[in-house]
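Here's the structure, in structure tokens; my notes come after.
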There are 2 protein chains.
Amino acid sequence: MSAEVRVRELASEIADVDHEAAKQARDRHDSLTKPIGSLGRLEELGIHLAAIMGACPPPRLDAPGVIVAAGDHGVVGQGVSPWPQEVTAAMVAGFCDGRAAVNAIARVVGARVTVLDVGVASEVPPHPRLRRAKVRAGTDDLTRGAAMSRGEAASAVLAGAGLADELIAADVDLLVTGEMGIGNTTSAACLIAAFTGSGAQEVTGRGTGIDDATWEVKVKVVEAALDHHQPDAGDPLAVLAAVGGLEHAALVGLILAGAASRVPIVLDGVSTNAAALVARALAPRATDYLIAGHHSVEPGAAIALQSLGLEPLLDLSMRLGEGTGGLLAVPLVRAAAAALREMATFGEAGIG
Amino acid sequence: MSAEVRVRELASEIADVDHEAAKQARDRHDSLTKPIGSLGRLEELGIHLAAIMGACPPPRLDAPGVIVAAGDHGVVGQGVSPWPQEVTAAMVAGFCDGRAAVNAIARVVGARVTVLDVGVASEVPPHPRLRRAKVRAGTDDLTRGAAMSRGEAASAVLAGAGLADELIAADVDLLVTGEMGIGNTTSAACLIAAFTGSGAQEVTGRGTGIDDATWEVKVKVVEAALDHHQPDAGDPLAVLAAVGGLEHAALVGLILAGAASRVPIVLDGVSTNAAALVARALAPRATDYLIAGHHSVEPGAAIALQSLGLEPLLDLSMRLGEGTGGLLAVPLVRAAAAALREMATFGEAGIG
């Protein structure tokens, strides 16, 4: 079976969320020992978790896991980033060593970190925390042609889905999306423009912190890519192949596989938001399994989240990626489930 | 020595935060393996922690503890709350049983819960999680006279300080403020008005969720109290005695003792924000040891935090109290410290 057919099958496996469990959670919240509605967005989040997992109260979420999908980008040749491509591999080595931001934050929130090399340009040494599923050694320059072939895009989606399935089989019950790839905010901007109809100026941000001149180059690159490819949002794999990154594709697979297994998925920043738009185009129901972890300062992030109808839990002016903002939201998600599971009702407490 | 003299001594023990450690933390952040500034508010928070604890990187924050100070309020006789006074004791029993919102969230973030009966109207049965330091069985009606005497206010401050010292001696390294007391948002509104000069309509909120008619009663009660007492912000113990609650007083003590020991203190909602204003009036340096955990929907909370110059970390439309919003910010605080301690520098990672 071709990779593309398997991606379509995976997309078709996503069921509706459980509206009956959501209703039970809403009713249960109104019986718990607190003023009605006083836990605010934590109550909405608990109701959402019940809908996703199909149970009220939702099961414990004791085993969160972040997947950091990594890939390189041919577009860096256009001068969109001050960082050389080698930094992607160096950061992947850092994730394996456990000394990057994602590791420090994952330890605080009790999440396991798994790194996925789906497209790093150079060879990355083996490591227990690393899964090697390189589809190709980085994308081609998306301003000159397709970033990758349609089959490669589908294969990268399946690599992400396969790793998500592996983690779910190992009892990971909450998935966090993370990524690393020098140049990938350019690719994310193209994806967001393609799926929301926004202009290059609106969706293009400063990534790692580029200056005005580099930002202007980046906007022109995004414009040129959109102009060259004329992406058709009705054919999401074609868009992904034309302007996406291998790590974006892997995150699409993570989202589809998580949703198919009724595992909540916490989004991080702009690249993961872009992947969510692709996942929705492939499987509209996938959106219902997503939680927006934080509001990245990248302008495309807000545009993507608004299009997805997701309100981020945190707004800490972060723009690092790796999954850091998604991980910081994990305790909020766990607390939302814990409130529904562990709080006494007024009846049990003998009040009212 | 009188309680009031001991409160003044405690206030005088608070030292300046460590500006040199803050500078070291700022420099260190710019050397870590991430784009400069990309962790946003988490970087500022790490720098703040270094200043509070006087060390860069700041020590690990592995033992957070929340103190839930509880007291009753004579002003409930004025019809400011739909809940009877007995609910305070019932909720205290729930905190001891471990089935309230604060317990569920504390388990998620790894915090210990200690309950302080500093003024519950009825007797509360002993429990390992409960400290009994009742100064009096609830306050008097603040519209008719002082809520308590000046000596009682000072004693309640010392009760909170004593419990904070006990926890710090038991290695708690991050303090979270929590409270319970039917009627205490009325008292908090009076305190916030007294220390910020805001009007009763601005600072009075809907507490547990009162209707328009009850809200109007509550505004009139706050107006009447301010009119009757004409509180002088220059004499904070007098203000606390006139319109405060015993739990507010205890939280003032927690803040002063935490600051004196260089332990970061995370504020929760409006009652804890009100206590912070009292603490600042007693010891201006105390403010520098405070972290605003969340933005409560109570209008007085935003007014108090703005006056304190604190920007809340979370905004989840919560209004429960107990310490719940403060606890949810604990992983962010721990992550801020962990990033400074555990991340590699570019030099160590061989990048750049």
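Following the order of the structure tokens, first chain is A, next is B, and so on, with residues numbered from 1 inside each chain and ligands from 1 in the order they appear.
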How close does chain B get to chain A? List, as JSON lines, each residue of chain B within 7 Å, its nearest atom pair and the distance in Å to one decimal, counting only C-alpha atoms.
```
{"residue": "B:Thr33", "atom": "CA", "partner": "A:Ala100", "partner_atom": "CA", "distance": 6.7}
{"residue": "B:Lys34", "atom": "CA", "partner": "A:Leu320", "partner_atom": "CA", "distance": 6.9}
{"residue": "B:Pro35", "atom": "CA", "partner": "A:Thr208", "partner_atom": "CA", "distance": 5.4}
{"residue": "B:Ser38", "atom": "CA", "partner": "A:Arg319", "partner_atom": "CA", "distance": 4.9}
{"residue": "B:Leu39", "atom": "CA", "partner": "A:Met318", "partner_atom": "CA", "distance": 4.8}
{"residue": "B:Gly40", "atom": "CA", "partner": "A:Met318", "partner_atom": "CA", "distance": 4.6}
{"residue": "B:Arg41", "atom": "CA", "partner": "A:Leu316", "partner_atom": "CA", "distance": 5.2}
{"residue": "B:Val87", "atom": "CA", "partner": "A:Ile351", "partner_atom": "CA", "distance": 6.9}
{"residue": "B:Gly94", "atom": "CA", "partner": "A:Ala349", "partner_atom": "CA", "distance": 7.0}
{"residue": "B:Arg99", "atom": "CA", "partner": "A:Met343", "partner_atom": "CA", "distance": 4.8}
{"residue": "B:Ala100", "atom": "CA", "partner": "A:Met343", "partner_atom": "CA", "distance": 5.2}
{"residue": "B:Ala101", "atom": "CA", "partner": "A:Met343", "partner_atom": "CA", "distance": 5.9}
{"residue": "B:Ala104", "atom": "CA", "partner": "A:Ala338", "partner_atom": "CA", "distance": 5.7}
{"residue": "B:Ile105", "atom": "CA", "partner": "A:Ala335", "partner_atom": "CA", "distance": 5.3}
{"residue": "B:Val108", "atom": "CA", "partner": "A:Ala335", "partner_atom": "CA", "distance": 6.0}
{"residue": "B:Val109", "atom": "CA", "partner": "A:Pro331", "partner_atom": "CA", "distance": 6.8}
{"residue": "B:Thr208", "atom": "CA", "partner": "A:Pro35", "partner_atom": "CA", "distance": 5.4}
{"residue": "B:Gly209", "atom": "CA", "partner": "A:Pro35", "partner_atom": "CA", "distance": 6.9}
{"residue": "B:Leu314", "atom": "CA", "partner": "A:Leu314", "partner_atom": "CA", "distance": 6.6}
{"residue": "B:Leu316", "atom": "CA", "partner": "A:Arg41", "partner_atom": "CA", "distance": 5.2}
{"residue": "B:Ser317", "atom": "CA", "partner": "A:Gly40", "partner_atom": "CA", "distance": 4.7}
{"residue": "B:Met318", "atom": "CA", "partner": "A:Gly40", "partner_atom": "CA", "distance": 4.6}
{"residue": "B:Arg319", "atom": "CA", "partner": "A:Ser38", "partner_atom": "CA", "distance": 4.9}
{"residue": "B:Leu320", "atom": "CA", "partner": "A:Ser38", "partner_atom": "CA", "distance": 5.0}
{"residue": "B:Leu328", "atom": "CA", "partner": "A:Leu332", "partner_atom": "CA", "distance": 6.6}
{"residue": "B:Pro331", "atom": "CA", "partner": "A:Val108", "partner_atom": "CA", "distance": 6.6}
{"residue": "B:Leu332", "atom": "CA", "partner": "A:Leu328", "partner_atom": "CA", "distance": 6.6}
{"residue": "B:Arg334", "atom": "CA", "partner": "A:Val108", "partner_atom": "CA", "distance": 6.6}
{"residue": "B:Ala335", "atom": "CA", "partner": "A:Ile105", "partner_atom": "CA", "distance": 5.3}
{"residue": "B:Ala338", "atom": "CA", "partner": "A:Ala104", "partner_atom": "CA", "distance": 5.7}
{"residue": "B:Ala339", "atom": "CA", "partner": "A:Ala104", "partner_atom": "CA", "distance": 5.7}
{"residue": "B:Glu342", "atom": "CA", "partner": "A:Ala104", "partner_atom": "CA", "distance": 6.0}
{"residue": "B:Met343", "atom": "CA", "partner": "A:Arg99", "partner_atom": "CA", "distance": 4.8}
{"residue": "B:Ala344", "atom": "CA", "partner": "A:Arg99", "partner_atom": "CA", "distance": 5.3}
{"residue": "B:Ala349", "atom": "CA", "partner": "A:Gly94", "partner_atom": "CA", "distance": 7.0}
{"residue": "B:Ile351", "atom": "CA", "partner": "A:Val87", "partner_atom": "CA", "distance": 6.9}
```
All residues 10 Å or closer to stretch 135-142 of chain A, only C-alpha atoms, same chain fewer than 6 positions away omitted, as number ranges by chain | A: 70-78, 85, 117-123, 148-149, 151-157, 159, 181, 186-187, 190, 221-222, 224-226, 228-229, 241-247
Write a file of the just-selected residues containing N, CA and C atoms, as a CSV table (one decimal), in the first residue's frame.
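To be explicit, this is the file written out as out-v7.csv:
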```csv
chain,number,residue,atom,x,y,z
A,70,ALA,N,12.6,16.6,14.1
A,70,ALA,CA,13.6,17.4,13.6
A,70,ALA,C,13.8,17.2,12.1
A,71,GLY,N,14.1,18.3,11.4
A,71,GLY,CA,14.4,18.2,9.9
A,71,GLY,C,15.1,19.5,9.5
A,72,ASP,N,15.7,19.4,8.3
A,72,ASP,CA,16.4,20.5,7.8
A,72,ASP,C,15.6,21.1,6.5
A,73,HIS,N,16.0,22.3,6.1
A,73,HIS,CA,15.3,23.0,5.1
A,73,HIS,C,16.2,23.6,4.1
A,74,GLY,N,16.0,23.2,2.8
A,74,GLY,CA,16.8,23.8,1.8
A,74,GLY,C,16.7,25.3,1.6
A,75,VAL,N,15.6,25.8,2.1
A,75,VAL,CA,15.3,27.2,1.9
A,75,VAL,C,16.3,28.1,2.7
A,76,VAL,N,17.0,27.5,3.7
A,76,VAL,CA,18.0,28.3,4.4
A,76,VAL,C,19.1,28.9,3.5
A,77,GLY,N,19.2,28.3,2.3
A,77,GLY,CA,20.1,28.9,1.3
A,77,GLY,C,19.7,30.3,0.8
A,78,GLN,N,18.5,30.6,1.1
A,78,GLN,CA,17.9,31.9,0.7
A,78,GLN,C,18.2,33.0,1.7
A,85,GLN,N,22.8,25.6,9.0
A,85,GLN,CA,22.0,24.3,9.0
A,85,GLN,C,22.5,23.3,10.1
A,117,ASP,N,14.4,12.0,14.3
A,117,ASP,CA,15.1,12.5,13.1
A,117,ASP,C,14.4,12.0,11.9
A,118,VAL,N,13.6,12.9,11.3
A,118,VAL,CA,12.8,12.6,10.1
A,118,VAL,C,13.4,13.3,8.9
A,119,GLY,N,14.4,14.1,9.2
A,119,GLY,CA,15.0,14.8,8.0
A,119,GLY,C,16.1,15.7,8.3
A,120,VAL,N,17.0,15.4,9.3
A,120,VAL,CA,18.1,16.2,9.6
A,120,VAL,C,19.2,16.0,8.4
A,121,ALA,N,19.8,17.1,8.0
A,121,ALA,CA,20.7,17.0,6.9
A,121,ALA,C,21.9,16.1,7.1
A,122,SER,N,22.4,16.1,8.3
A,122,SER,CA,23.6,15.3,8.5
A,122,SER,C,23.2,14.1,9.3
A,123,GLU,N,24.2,13.2,9.5
A,123,GLU,CA,24.0,12.0,10.3
A,123,GLU,C,23.9,12.3,11.8
A,148,MET,N,9.7,18.6,-1.2
A,148,MET,CA,9.9,17.2,-1.2
A,148,MET,C,8.8,16.6,-2.1
A,149,SER,N,8.9,15.3,-2.4
A,149,SER,CA,7.9,14.7,-3.2
A,149,SER,C,6.7,14.4,-2.3
A,151,GLY,N,5.2,11.6,-2.1
A,151,GLY,CA,5.4,10.3,-1.4
A,151,GLY,C,6.3,10.5,-0.1
A,152,GLU,N,7.3,11.4,-0.3
A,152,GLU,CA,8.2,11.7,0.9
A,152,GLU,C,7.4,12.3,2.0
A,153,ALA,N,6.5,13.3,1.6
A,153,ALA,CA,5.7,13.9,2.6
A,153,ALA,C,4.8,12.9,3.3
A,154,ALA,N,4.2,12.0,2.6
A,154,ALA,CA,3.4,10.9,3.2
A,154,ALA,C,4.2,10.0,4.1
A,155,SER,N,5.4,9.7,3.7
A,155,SER,CA,6.3,8.9,4.5
A,155,SER,C,6.6,9.6,5.8
A,156,ALA,N,6.9,10.9,5.7
A,156,ALA,CA,7.2,11.6,7.0
A,156,ALA,C,6.0,11.7,7.9
A,157,VAL,N,4.8,11.8,7.3
A,157,VAL,CA,3.6,11.8,8.1
A,157,VAL,C,3.5,10.4,8.9
A,159,ALA,N,6.0,8.4,9.6
A,159,ALA,CA,7.0,8.3,10.6
A,159,ALA,C,6.6,8.9,11.9
A,181,GLY,N,14.3,22.7,13.6
A,181,GLY,CA,14.7,22.7,12.2
A,181,GLY,C,15.0,24.1,11.8
A,186,THR,N,10.0,29.6,8.2
A,186,THR,CA,9.7,30.0,6.8
A,186,THR,C,8.7,29.1,6.2
A,187,SER,N,9.0,27.8,6.4
A,187,SER,CA,8.1,26.8,5.9
A,187,SER,C,6.7,26.8,6.6
A,190,CYS,N,4.6,29.6,5.1
A,190,CYS,CA,4.0,29.2,3.8
A,190,CYS,C,2.8,28.3,4.1
A,221,VAL,N,10.7,35.6,0.3
A,221,VAL,CA,10.8,34.1,0.1
A,221,VAL,C,9.4,33.5,0.2
A,222,VAL,N,8.7,33.8,1.2
A,222,VAL,CA,7.3,33.2,1.4
A,222,VAL,C,6.4,33.6,0.2
A,224,ALA,N,7.4,34.4,-2.8
A,224,ALA,CA,7.8,33.7,-4.0
A,224,ALA,C,7.3,32.3,-4.0
A,225,ALA,N,7.4,31.7,-2.8
A,225,ALA,CA,7.0,30.3,-2.7
A,225,ALA,C,5.5,30.1,-3.0
A,226,LEU,N,4.7,31.0,-2.4
A,226,LEU,CA,3.3,30.9,-2.6
A,226,LEU,C,2.9,31.2,-4.1
A,228,HIS,N,5.0,30.7,-6.7
A,228,HIS,CA,5.5,29.6,-7.5
A,228,HIS,C,4.6,28.4,-7.5
A,229,HIS,N,4.1,28.0,-6.2
A,229,HIS,CA,3.4,26.8,-6.0
A,229,HIS,C,1.9,26.9,-6.2
A,241,ALA,N,4.0,18.8,0.6
A,241,ALA,CA,5.2,18.5,-0.3
A,241,ALA,C,5.8,19.7,-0.9
A,242,ALA,N,5.0,20.7,-1.2
A,242,ALA,CA,5.5,21.9,-1.9
A,242,ALA,C,6.2,22.8,-1.0
A,243,VAL,N,5.7,23.1,0.2
A,243,VAL,CA,6.3,24.1,1.0
A,243,VAL,C,6.5,23.7,2.4
A,244,GLY,N,6.2,22.5,2.8
A,244,GLY,CA,6.3,22.0,4.2
A,244,GLY,C,7.7,21.5,4.5
A,245,GLY,N,7.9,21.2,5.8
A,245,GLY,CA,9.1,20.6,6.2
A,245,GLY,C,8.8,19.1,6.6
A,246,LEU,N,9.9,18.3,6.7
A,246,LEU,CA,9.7,16.9,7.1
A,246,LEU,C,9.2,16.8,8.5
A,247,GLU,N,9.7,17.8,9.4
A,247,GLU,CA,9.2,17.7,10.8
A,247,GLU,C,7.7,18.2,10.9
```
Secondary structure check, alpha helix (DSSP H) residues of stretch 5-157 of chain A, as a ChimeraX atom specification = /A:5-12,19-29,41-53,86-97,101-109,150-157
Residues of stretch 89-185 of chain A in strand (DSSP E) according to DSSP, as JSON, numbers by chain?
-> {"A": [112, 113, 114, 115, 116, 117, 118, 119, 130, 131, 132, 174, 175, 176, 177, 178, 179, 180]}
Generate a file of the selected residues that holds N, CA and C atoms, formatted as a compact mmCIF listing (two decimals), in the first residue's frame.
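Once everything was written out, this is part.txt:
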```txt
# COMPACT_ATOMS: atom_id res chain seq x y z
N ARG A 112 8.24 12.51 29.25
CA ARG A 112 9.38 11.91 28.59
C ARG A 112 9.61 12.61 27.24
N VAL A 113 10.88 12.69 26.86
CA VAL A 113 11.26 13.36 25.61
C VAL A 113 11.72 12.30 24.61
N THR A 114 11.12 12.28 23.43
CA THR A 114 11.60 11.42 22.36
C THR A 114 11.87 12.29 21.14
N VAL A 115 13.04 12.10 20.56
CA VAL A 115 13.46 12.92 19.43
C VAL A 115 13.30 12.08 18.17
N LEU A 116 12.77 12.70 17.13
CA LEU A 116 12.56 11.99 15.86
C LEU A 116 13.36 12.67 14.77
N ASP A 117 14.37 11.96 14.27
CA ASP A 117 15.09 12.48 13.09
C ASP A 117 14.35 12.02 11.85
N VAL A 118 13.56 12.93 11.31
CA VAL A 118 12.79 12.58 10.12
C VAL A 118 13.39 13.27 8.89
N GLY A 119 14.43 14.11 9.15
CA GLY A 119 14.97 14.80 7.98
C GLY A 119 16.14 15.73 8.28
N LEU A 130 16.52 8.83 20.80
CA LEU A 130 16.37 9.23 19.39
C LEU A 130 15.76 8.10 18.56
N ARG A 131 14.76 8.46 17.73
CA ARG A 131 14.25 7.52 16.74
C ARG A 131 14.73 8.00 15.38
N ARG A 132 15.39 7.11 14.64
CA ARG A 132 15.92 7.51 13.34
C ARG A 132 14.98 7.01 12.25
N LEU A 174 -0.70 11.51 27.01
CA LEU A 174 -0.86 12.92 26.64
C LEU A 174 0.33 13.26 25.74
N LEU A 175 0.05 13.67 24.51
CA LEU A 175 1.12 13.93 23.55
C LEU A 175 1.36 15.42 23.40
N VAL A 176 2.62 15.79 23.39
CA VAL A 176 2.99 17.18 23.18
C VAL A 176 3.82 17.25 21.89
N THR A 177 3.50 18.23 21.06
CA THR A 177 4.20 18.40 19.79
C THR A 177 5.41 19.31 19.96
N GLY A 178 6.54 18.87 19.45
CA GLY A 178 7.74 19.70 19.48
C GLY A 178 8.49 19.58 18.17
N GLU A 179 9.35 20.53 17.89
CA GLU A 179 10.09 20.48 16.62
C GLU A 179 11.38 21.26 16.71
N MET A 180 12.27 20.91 15.80
CA MET A 180 13.53 21.63 15.62
C MET A 180 13.89 21.57 14.15
```
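Here atom CA of A:Val263 stands at a distance of 13.7 Å from atom CA of A:Gly46.
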Pick from B:Gln230, B:Asn184, B:Gln201, B:Thr88 nearest to B:Ala146, counting only C-alpha atoms |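 Using only C-alpha atoms, B:Ala146 sits closest to B:Gln230.
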Closest of A:Leu256, A:Thr185, A:Leu45, A:Ala89 to A:Pro312 - atom-to-atom distances counting only C-alpha atoms =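 Smallest separation from A:Pro312 among the options: A:Leu45.
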Coordinates-based distance that separates atom CA of A:Ser307 from atom CA of A:Ala164 (Å, one decimal) = 24.8 Å
Compile the contact shell of A:Glu298 as number ranges by chain: residues with an atom at most 8 Å away, counting only C-alpha atoms, same-chain residues fewer than 6 positions apart removed.
-> A: 203-207, 269-270, 319
Rank B:Ile14, B:Val68, B:Ile52, B:Ile168 by their smallest atom-to-atom distance to B:Ala283, using only C-alpha atoms, and report the top residue only.
->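 Closest to B:Ala283 of all the choices is B:Ile14.
If you look at atom CA of A:Ala133 and atom CA of A:Met53, they are 29.0 Å away from each other.
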